[in-house]
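As stored in start23.cif (mmCIF, C-alpha atoms):
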```
data_run
loop_
_atom_site.group_PDB
_atom_site.id
_atom_site.type_symbol
_atom_site.label_atom_id
_atom_site.label_comp_id
_atom_site.auth_asym_id
_atom_site.auth_seq_id
_atom_site.Cartn_x
_atom_site.Cartn_y
_atom_site.Cartn_z
ATOM 1 C CA MET A 1 61.542 52.645 89.149
ATOM 2 C CA ASN A 2 62.785 49.354 90.579
ATOM 3 C CA PHE A 3 63.048 48.142 94.172
ATOM 4 C CA ILE A 4 64.839 45.052 95.462
ATOM 5 C CA VAL A 5 64.970 44.276 99.179
ATOM 6 C CA LEU A 6 67.630 41.962 100.613
ATOM 7 C CA SER A 7 66.418 40.326 103.801
ATOM 8 C CA LEU A 8 66.590 37.226 105.956
ATOM 9 C CA PHE A 9 62.796 37.496 106.260
ATOM 10 C CA PRO A 10 61.549 38.417 102.773
ATOM 11 C CA GLU A 11 57.997 37.345 103.598
ATOM 12 C CA MET A 12 57.686 40.473 105.757
ATOM 13 C CA VAL A 13 58.412 42.763 102.819
ATOM 14 C CA ASN A 14 56.293 40.710 100.422
ATOM 15 C CA ALA A 15 53.280 41.745 102.477
ATOM 16 C CA LEU A 16 53.855 45.310 101.264
ATOM 17 C CA PHE A 17 54.502 44.296 97.666
ATOM 18 C CA ASP A 18 51.390 42.088 97.520
ATOM 19 C CA ASN A 19 48.883 44.681 98.731
ATOM 20 C CA GLY A 20 47.483 48.154 98.145
ATOM 21 C CA ILE A 21 49.100 50.897 96.120
ATOM 22 C CA VAL A 22 52.424 49.094 95.705
ATOM 23 C CA LYS A 23 50.719 46.007 94.278
ATOM 24 C CA ARG A 24 48.757 48.171 91.814
ATOM 25 C CA ALA A 25 51.953 49.960 90.759
ATOM 26 C CA VAL A 26 53.599 46.597 90.111
ATOM 27 C CA GLY A 27 50.542 45.420 88.196
ATOM 28 C CA LYS A 28 50.659 48.524 85.991
ATOM 29 C CA LYS A 29 54.386 47.920 85.474
ATOM 30 C CA ILE A 30 55.180 51.382 86.816
ATOM 31 C CA ILE A 31 57.608 49.791 89.254
ATOM 32 C CA LEU A 32 59.380 46.502 89.773
ATOM 33 C CA ALA A 33 59.371 45.255 93.367
ATOM 34 C CA GLU A 34 60.908 42.038 94.597
ATOM 35 C CA THR A 35 62.669 40.494 97.563
ATOM 36 C CA VAL A 36 65.832 38.409 97.794
ATOM 37 C CA ASN A 37 66.550 36.033 100.660
ATOM 38 C CA ILE A 38 70.125 36.692 101.794
ATOM 39 C CA ARG A 39 70.336 33.158 103.164
ATOM 40 C CA ASP A 40 70.055 31.801 99.612
ATOM 41 C CA PHE A 41 73.583 33.146 99.047
ATOM 42 C CA ALA A 42 75.047 31.651 102.221
ATOM 43 C CA LYS A 43 77.494 28.770 101.918
ATOM 44 C CA GLY A 44 77.636 25.491 103.800
ATOM 45 C CA LYS A 45 75.149 22.897 104.929
ATOM 46 C CA HIS A 46 73.367 25.171 107.396
ATOM 47 C CA LYS A 47 73.363 28.331 105.232
ATOM 48 C CA ASN A 48 74.637 30.483 108.101
ATOM 49 C CA ALA A 49 74.289 34.189 107.335
ATOM 50 C CA ASP A 50 75.632 35.436 110.680
ATOM 51 C CA ASP A 51 78.525 34.810 113.051
ATOM 52 C CA ARG A 52 79.999 35.990 116.371
ATOM 53 C CA PRO A 53 81.582 39.475 116.360
ATOM 54 C CA TYR A 54 85.352 39.825 116.424
ATOM 55 C CA GLY A 55 86.507 41.339 119.707
ATOM 56 C CA GLY A 56 83.732 39.673 121.657
ATOM 57 C CA GLY A 57 80.420 41.027 122.767
ATOM 58 C CA CYS A 58 76.806 39.964 122.698
ATOM 59 C CA GLY A 59 74.740 39.079 119.665
ATOM 60 C CA MET A 60 75.661 38.105 116.130
ATOM 61 C CA VAL A 61 76.803 40.031 113.047
ATOM 62 C CA MET A 62 75.569 39.419 109.501
ATOM 63 C CA LYS A 63 78.378 37.865 107.439
ATOM 64 C CA PRO A 64 79.786 39.841 104.489
ATOM 65 C CA GLU A 65 79.872 37.059 101.872
ATOM 66 C CA PRO A 66 76.126 36.314 101.528
ATOM 67 C CA ILE A 67 75.186 40.001 101.416
ATOM 68 C CA SER A 68 77.947 40.828 98.952
ATOM 69 C CA ASP A 69 76.950 37.989 96.638
ATOM 70 C CA ALA A 70 73.283 39.021 96.862
ATOM 71 C CA ILE A 71 74.154 42.615 95.978
ATOM 72 C CA GLU A 72 76.310 41.516 93.038
ATOM 73 C CA ALA A 73 73.445 39.401 91.701
ATOM 74 C CA CYS A 74 71.023 42.314 92.004
ATOM 75 C CA LYS A 75 73.493 44.704 90.377
ATOM 76 C CA LYS A 76 73.589 42.453 87.307
ATOM 77 C CA LYS A 77 69.821 42.817 87.059
ATOM 78 C CA LEU A 78 69.766 46.539 87.919
ATOM 79 C CA PRO A 79 73.210 47.917 87.026
ATOM 80 C CA GLU A 80 72.210 51.571 87.572
ATOM 81 C CA SER A 81 70.691 50.999 91.003
ATOM 82 C CA LYS A 82 71.914 52.480 94.285
ATOM 83 C CA VAL A 83 72.412 50.439 97.449
ATOM 84 C CA VAL A 84 70.645 51.607 100.610
ATOM 85 C CA LEU A 85 71.386 50.361 104.129
ATOM 86 C CA MET A 86 68.656 50.877 106.707
ATOM 87 C CA THR A 87 70.503 51.807 109.914
ATOM 88 C CA PRO A 88 70.070 54.096 112.951
ATOM 89 C CA ALA A 89 73.350 55.730 111.889
ATOM 90 C CA GLY A 90 71.845 56.917 108.608
ATOM 91 C CA ARG A 91 70.443 60.264 107.553
ATOM 92 C CA GLN A 92 66.955 60.891 108.901
ATOM 93 C CA PHE A 93 64.276 60.057 106.344
ATOM 94 C CA ASP A 94 61.717 62.746 105.532
ATOM 95 C CA HIS A 95 59.429 63.870 102.720
ATOM 96 C CA SER A 96 62.204 65.819 101.033
ATOM 97 C CA MET A 97 64.361 62.691 100.831
ATOM 98 C CA ALA A 98 61.400 60.674 99.546
ATOM 99 C CA LYS A 99 60.958 63.167 96.693
ATOM 100 C CA SER A 100 64.656 63.040 95.895
ATOM 101 C CA LEU A 101 64.725 59.246 95.782
ATOM 102 C CA ALA A 102 61.592 59.107 93.632
ATOM 103 C CA SER A 103 62.917 61.542 91.047
ATOM 104 C CA SER A 104 66.647 60.848 90.973
ATOM 105 C CA TYR A 105 67.194 57.102 90.719
ATOM 106 C CA LYS A 106 66.111 54.241 88.478
ATOM 107 C CA GLY A 107 66.562 51.556 91.089
ATOM 108 C CA LEU A 108 67.190 51.040 94.801
ATOM 109 C CA ILE A 109 68.568 47.932 96.489
ATOM 110 C CA PHE A 110 67.783 47.860 100.220
ATOM 111 C CA ILE A 111 69.856 45.922 102.741
ATOM 112 C CA CYS A 112 67.847 44.970 105.829
ATOM 113 C CA GLY A 113 70.165 44.297 108.743
ATOM 114 C CA ARG A 114 69.435 42.014 111.675
ATOM 115 C CA TYR A 115 71.006 41.171 115.029
ATOM 116 C CA GLU A 116 73.951 43.500 115.823
ATOM 117 C CA GLY A 117 74.133 44.746 112.241
ATOM 118 C CA VAL A 118 76.042 44.167 109.010
ATOM 119 C CA ASP A 119 79.778 43.564 108.651
ATOM 120 C CA GLU A 120 81.317 47.001 108.076
ATOM 121 C CA ARG A 121 83.180 45.848 104.970
ATOM 122 C CA VAL A 122 79.866 45.505 103.146
ATOM 123 C CA CYS A 123 79.046 49.120 103.987
ATOM 124 C CA GLU A 124 82.421 50.359 102.805
ATOM 125 C CA LYS A 125 82.301 48.528 99.489
ATOM 126 C CA TYR A 126 78.690 48.673 98.397
ATOM 127 C CA VAL A 127 76.482 51.104 100.306
ATOM 128 C CA ASP A 128 75.608 54.407 98.601
ATOM 129 C CA PHE A 129 73.158 55.738 101.200
ATOM 130 C CA GLU A 130 72.497 55.023 104.855
ATOM 131 C CA ILE A 131 68.949 55.888 105.924
ATOM 132 C CA SER A 132 67.255 55.976 109.328
ATOM 133 C CA ILE A 133 63.531 56.402 109.946
ATOM 134 C CA GLY A 134 64.023 57.681 113.496
ATOM 135 C CA ASP A 135 66.011 57.599 116.686
ATOM 136 C CA PHE A 136 64.864 54.207 117.901
ATOM 137 C CA ILE A 137 65.874 50.586 117.386
ATOM 138 C CA LEU A 138 63.905 47.968 115.450
ATOM 139 C CA THR A 139 64.615 44.226 115.446
ATOM 140 C CA GLY A 140 65.464 44.454 111.756
ATOM 141 C CA GLY A 141 65.572 46.780 108.778
ATOM 142 C CA GLU A 142 62.523 45.339 107.021
ATOM 143 C CA LEU A 143 59.918 47.688 108.516
ATOM 144 C CA ALA A 144 62.207 50.659 107.913
ATOM 145 C CA ALA A 145 62.753 49.685 104.266
ATOM 146 C CA MET A 146 59.010 49.188 103.796
ATOM 147 C CA THR A 147 58.369 52.651 105.216
ATOM 148 C CA VAL A 148 60.803 54.254 102.786
ATOM 149 C CA ILE A 149 59.504 52.308 99.795
ATOM 150 C CA ASP A 150 55.869 53.104 100.576
ATOM 151 C CA ALA A 151 56.642 56.827 100.877
ATOM 152 C CA VAL A 152 58.688 56.861 97.658
ATOM 153 C CA VAL A 153 56.324 54.778 95.515
ATOM 154 C CA ARG A 154 53.363 57.097 96.030
ATOM 155 C CA LEU A 155 55.425 59.997 94.637
ATOM 156 C CA ILE A 156 56.176 58.230 91.339
ATOM 157 C CA PRO A 157 54.015 59.639 88.515
ATOM 158 C CA GLY A 158 51.060 57.427 87.657
ATOM 159 C CA VAL A 159 50.977 55.511 90.940
ATOM 160 C CA LEU A 160 48.212 57.425 92.738
ATOM 161 C CA GLY A 161 44.738 57.771 91.267
ATOM 162 C CA GLY A 162 44.580 61.557 91.141
ATOM 163 C CA ALA A 163 47.288 63.705 89.615
ATOM 164 C CA GLU A 164 47.194 66.056 92.606
ATOM 165 C CA SER A 165 46.790 63.435 95.332
ATOM 166 C CA ALA A 166 50.418 63.449 96.414
ATOM 167 C CA LEU A 167 50.718 67.214 96.136
ATOM 168 C CA LYS A 168 48.068 68.090 98.727
ATOM 169 C CA GLU A 169 49.099 65.851 101.593
ATOM 170 C CA SER A 170 50.900 66.605 104.827
ATOM 171 C CA PHE A 171 54.492 67.917 104.468
ATOM 172 C CA CYS A 172 54.190 68.474 100.696
ATOM 173 C CA ASP A 173 54.066 72.247 101.208
ATOM 174 C CA GLY A 174 55.782 72.207 104.594
ATOM 175 C CA LEU A 175 52.515 72.072 106.537
ATOM 176 C CA LEU A 176 50.201 69.438 107.954
ATOM 177 C CA GLU A 177 47.193 68.671 105.793
ATOM 178 C CA HIS A 178 43.833 70.191 106.703
ATOM 179 C CA PRO A 179 41.240 68.012 108.510
ATOM 180 C CA GLN A 180 39.210 65.668 106.312
ATOM 181 C CA TYR A 181 35.488 64.849 106.552
ATOM 182 C CA THR A 182 33.082 62.503 104.782
ATOM 183 C CA ARG A 183 29.445 61.382 105.142
ATOM 184 C CA PRO A 184 27.411 61.558 107.309
ATOM 185 C CA ALA A 185 27.304 65.332 107.756
ATOM 186 C CA SER A 186 26.427 64.874 111.431
ATOM 187 C CA TYR A 187 27.971 62.195 113.627
ATOM 188 C CA GLY A 188 28.144 61.770 117.382
ATOM 189 C CA GLY A 189 26.852 65.284 117.961
ATOM 190 C CA ASN A 190 29.545 66.853 115.774
ATOM 191 C CA ASP A 191 28.831 68.428 112.403
ATOM 192 C CA VAL A 192 30.974 68.894 109.341
ATOM 193 C CA PRO A 193 31.980 72.590 108.978
ATOM 194 C CA ASP A 194 29.295 74.432 107.036
ATOM 195 C CA VAL A 195 31.753 75.804 104.501
ATOM 196 C CA LEU A 196 32.512 72.288 103.235
ATOM 197 C CA LEU A 197 28.831 71.802 102.446
ATOM 198 C CA SER A 198 28.424 75.198 100.754
ATOM 199 C CA GLY A 199 29.656 74.271 97.290
ATOM 200 C CA ASN A 200 31.691 77.495 97.218
ATOM 201 C CA HIS A 201 35.069 76.237 96.030
ATOM 202 C CA LYS A 202 36.924 79.464 96.775
ATOM 203 C CA GLU A 203 35.651 79.569 100.349
ATOM 204 C CA ILE A 204 36.441 75.877 100.782
ATOM 205 C CA GLU A 205 40.004 76.418 99.591
ATOM 206 C CA ASN A 206 40.425 79.390 101.958
ATOM 207 C CA TRP A 207 39.129 77.276 104.833
ATOM 208 C CA ARG A 208 41.559 74.484 103.994
ATOM 209 C CA VAL A 209 44.528 76.863 103.926
ATOM 210 C CA GLU A 210 43.530 78.327 107.286
ATOM 211 C CA ALA A 211 42.816 74.912 108.836
ATOM 212 C CA SER A 212 46.167 73.592 107.610
ATOM 213 C CA LEU A 213 48.044 76.489 109.179
ATOM 214 C CA ILE A 214 46.190 76.279 112.479
ATOM 215 C CA ARG A 215 46.633 72.518 112.695
ATOM 216 C CA THR A 216 50.361 72.869 112.014
ATOM 217 C CA PHE A 217 50.713 75.638 114.603
ATOM 218 C CA SER A 218 48.857 73.538 117.193
ATOM 219 C CA LYS A 219 50.471 70.151 116.557
ATOM 220 C CA ARG A 220 53.819 70.719 114.810
ATOM 221 C CA PRO A 221 54.964 74.336 115.335
ATOM 222 C CA ASP A 222 58.507 73.230 114.489
ATOM 223 C CA LEU A 223 57.418 72.953 110.845
ATOM 224 C CA LEU A 224 56.528 76.649 110.719
ATOM 225 C CA ILE A 225 60.053 77.577 111.778
ATOM 226 C CA LYS A 226 61.408 75.833 108.669
ATOM 227 C CA LYS A 227 58.776 77.197 106.263
ATOM 228 C CA LYS A 228 58.879 80.593 104.567
ATOM 229 C CA LEU A 229 55.338 81.843 105.124
ATOM 230 C CA THR A 230 53.500 83.982 102.584
ATOM 231 C CA ASP A 231 51.943 87.289 103.643
ATOM 232 C CA GLN A 232 48.512 85.642 103.447
ATOM 233 C CA GLU A 233 49.615 82.823 105.743
ATOM 234 C CA LYS A 234 51.099 85.276 108.229
ATOM 235 C CA ASP A 235 47.854 87.271 108.279
ATOM 236 C CA ILE A 236 45.837 84.110 108.926
ATOM 237 C CA LEU A 237 48.014 83.164 111.914
ATOM 238 C CA ARG A 238 47.952 86.725 113.326
ATOM 239 C CA LYS A 239 44.156 86.823 113.072
ATOM 240 C CA TRP A 240 43.877 83.418 114.732
ATOM 241 C CA CYS A 241 46.183 84.487 117.580
ATOM 242 C CA ARG A 242 44.162 87.679 118.117
ATOM 243 C CA ASN A 243 40.962 85.624 118.348
ATOM 244 C CA ILE A 244 42.591 83.402 120.955
ATOM 245 C CA GLU A 245 43.624 86.439 123.003
ATOM 246 C CA LYS A 246 40.041 87.760 122.911
ATOM 247 C CA THR A 247 38.696 84.376 124.007
ATOM 248 C CA VAL A 248 41.172 84.108 126.902
ATOM 249 C CA LYS A 249 40.351 87.596 128.125
#
```
When written as structure tokens, how does the structure in this file appear?
Amino acid sequence: MNFIVLSLFPEMVNALFDNGIVKRAVGKKIILAETVNIRDFAKGKHKNADDRPYGGGCGMVMKPEPISDAIEACKKKLPESKVVLMTPAGRQFDHSMAKSLASSYKGLIFICGRYEGVDERVCEKYVDFEISIGDFILTGGELAAMTVIDAVVRLIPGVLGGAESALKESFCDGLLEHPQYTRPASYGGNDVPDVLLSGNHKEIENWRVEASLIRTFSKRPDLLIKKKLTDQEKDILRKWCRNIEKTVK
């Protein structure tokens, strides 16, 4: 899969591409990841990529010509790619969307807006998807694009070390992941649960299922409303609730 990010500050995104899992994926040639400076496509002596908004108002708007030319150049390199605009007006990004992007498309071109946004004519002509990472405002789309790319890359086959790594994390089955522990077995007066030291893989798996459900119920009960629980999962939650009632009494 291929990723190209259009930005006025490509060095921000390069920090993601030059480190960690994404860098390893690039090194293994599982993905292509690069940035394009929108200002390189701006005309004139000063390479202006923004201008005052028509109709008045505060701030500046990113000009259509440099972005359009940058997209056209990227489309020649990745003709089957889709164009993504990071914007608060977009569809809310989640794990389900990350899976869809990872499995459905050969390439994604991200537009990172700045200032008051991107000229609407760019959106109308080029943008295939508008994505938001939450109901808040950032100073630019770079961090949002990096968030999406990081979440998508780890779902591409061959990127993570273990074949099951991405399948047992939070949200993959609609629940939060169970708590994790490592050495030492005792730290700060708190001990690792005995079952994790038992070597009994069946009991460990049962504990993880129960811990995942309880953690989700305690921290993100909204996730349980969306998930179709199995009979086993329902029994675990009922038992846990009964134990709480006994403790309170």
Worksheet item: So what does the PyMOL selection byres ((chain A and resi 227-243) around 12) actually pick up in this one, as an MDAnalysis selection string?
Response: chainID A and resid 171:176 206:218 220:226 244:249
Practice prompt. Report as number ranges by chain the residues that result from applying the PyMOL selection byres ((chain A and resi 2) around 7) to the structure here.
Written response: A: 1, 3-4, 31-33, 106-108
I need the residues from that last selection saved to file as a tab-separated table (two decimals), keeping the file's coordinate frame (with C-alpha atoms), if you can.
```tsv
chain	number	residue	atom	x	y	z
A	1	MET	CA	61.54	52.64	89.15
A	3	PHE	CA	63.05	48.14	94.17
A	4	ILE	CA	64.84	45.05	95.46
A	31	ILE	CA	57.61	49.79	89.25
A	32	LEU	CA	59.38	46.50	89.77
A	33	ALA	CA	59.37	45.26	93.37
A	106	LYS	CA	66.11	54.24	88.48
A	107	GLY	CA	66.56	51.56	91.09
A	108	LEU	CA	67.19	51.04	94.80
```
Response to the item:
Using all atoms listed in the file, the best pick from A:Val192, A:Ala25, A:Pro53, A:Val152 as closest to Ser96 in chain A would be A:Val152
Worksheet item: Can you list what the PyMOL selection byres ((chain A and resi 131) around 6) grabs from this structure, as number ranges by chain?
Response: A: 86-87, 90-91, 130, 132
Discussion item. Neighbouring residues of range 112-115 of chain A were defined as those with any atom within 6 Å, considering all atoms listed in the file; residues of the same chain fewer than 3 positions away were excluded. Please report them as a ChimeraX atom specification.
Written reply: /A:7,60,118,140-142
Print the selection's residues with C-alpha atoms to a file, as an mmCIF file, in the frame of the given file.
```cif
data_model
loop_
_atom_site.group_PDB
_atom_site.id
_atom_site.type_symbol
_atom_site.label_atom_id
_atom_site.label_comp_id
_atom_site.auth_asym_id
_atom_site.auth_seq_id
_atom_site.Cartn_x
_atom_site.Cartn_y
_atom_site.Cartn_z
ATOM 1 C CA SER A 7 66.418 40.326 103.801
ATOM 2 C CA MET A 60 75.661 38.105 116.130
ATOM 3 C CA VAL A 118 76.042 44.167 109.010
ATOM 4 C CA GLY A 140 65.464 44.454 111.756
ATOM 5 C CA GLY A 141 65.572 46.780 108.778
ATOM 6 C CA GLU A 142 62.523 45.339 107.021
#
```
Discussion item. Rounded to one decimal, what separation in Å do you get between CA of Asn37 in chain A and CA of Gly117 in chain A?
Written reply: 16.4 Å
Give me the residues near Asp128 in chain A as a PDB file with C-alpha atoms, keeping the file's coordinate frame, where near means some atom within 12 Å (using all atoms listed in the file) and where sequence neighbours in that chain fewer than 2 positions away do not count.
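The new file part.pdb reads:
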```pdb
ATOM      1  CA  GLU A  80      72.210  51.571  87.572  1.00  0.00           C
ATOM      2  CA  SER A  81      70.691  50.999  91.003  1.00  0.00           C
ATOM      3  CA  LYS A  82      71.914  52.480  94.285  1.00  0.00           C
ATOM      4  CA  VAL A  83      72.412  50.439  97.449  1.00  0.00           C
ATOM      5  CA  VAL A  84      70.645  51.607 100.610  1.00  0.00           C
ATOM      6  CA  LEU A  85      71.386  50.361 104.129  1.00  0.00           C
ATOM      7  CA  MET A  86      68.656  50.877 106.707  1.00  0.00           C
ATOM      8  CA  GLY A  90      71.845  56.917 108.608  1.00  0.00           C
ATOM      9  CA  ARG A  91      70.443  60.264 107.553  1.00  0.00           C
ATOM     10  CA  TYR A 105      67.194  57.102  90.719  1.00  0.00           C
ATOM     11  CA  LEU A 108      67.190  51.040  94.801  1.00  0.00           C
ATOM     12  CA  ILE A 109      68.568  47.932  96.489  1.00  0.00           C
ATOM     13  CA  PHE A 110      67.783  47.860 100.220  1.00  0.00           C
ATOM     14  CA  ILE A 111      69.856  45.922 102.741  1.00  0.00           C
ATOM     15  CA  VAL A 122      79.866  45.505 103.146  1.00  0.00           C
ATOM     16  CA  CYS A 123      79.046  49.120 103.987  1.00  0.00           C
ATOM     17  CA  GLU A 124      82.421  50.359 102.805  1.00  0.00           C
ATOM     18  CA  LYS A 125      82.301  48.528  99.489  1.00  0.00           C
ATOM     19  CA  TYR A 126      78.690  48.673  98.397  1.00  0.00           C
ATOM     20  CA  GLU A 130      72.497  55.023 104.855  1.00  0.00           C
ATOM     21  CA  ILE A 131      68.949  55.888 105.924  1.00  0.00           C
TER      22      ILE A 131
END
```
Discussion item. Just want the 8 Å neighbourhood of Val36 in chain A, counted on all atoms listed in the file, with same-chain residues fewer than 2 positions away dropped. Output as an MDAnalysis selection string.
Written reply: chainID A and resid 4:7 10 34 38 70
Enclosing box along x, y and z for every listed atom of range 200-209 of chain A, padded 4 Å each side, centre and size in Å, one decimal, as lines of an AutoDock Vina configuration file:
```
center_x = 38.1
center_y = 77.0
center_z = 100.4
size_x = 20.8
size_y = 13.1
size_z = 16.8
```
Practice prompt. Tell me, in Å to one decimal, how far CA of Cys58 in chain A is from CA of Val148 in chain A.
Written response: 29.3 Å
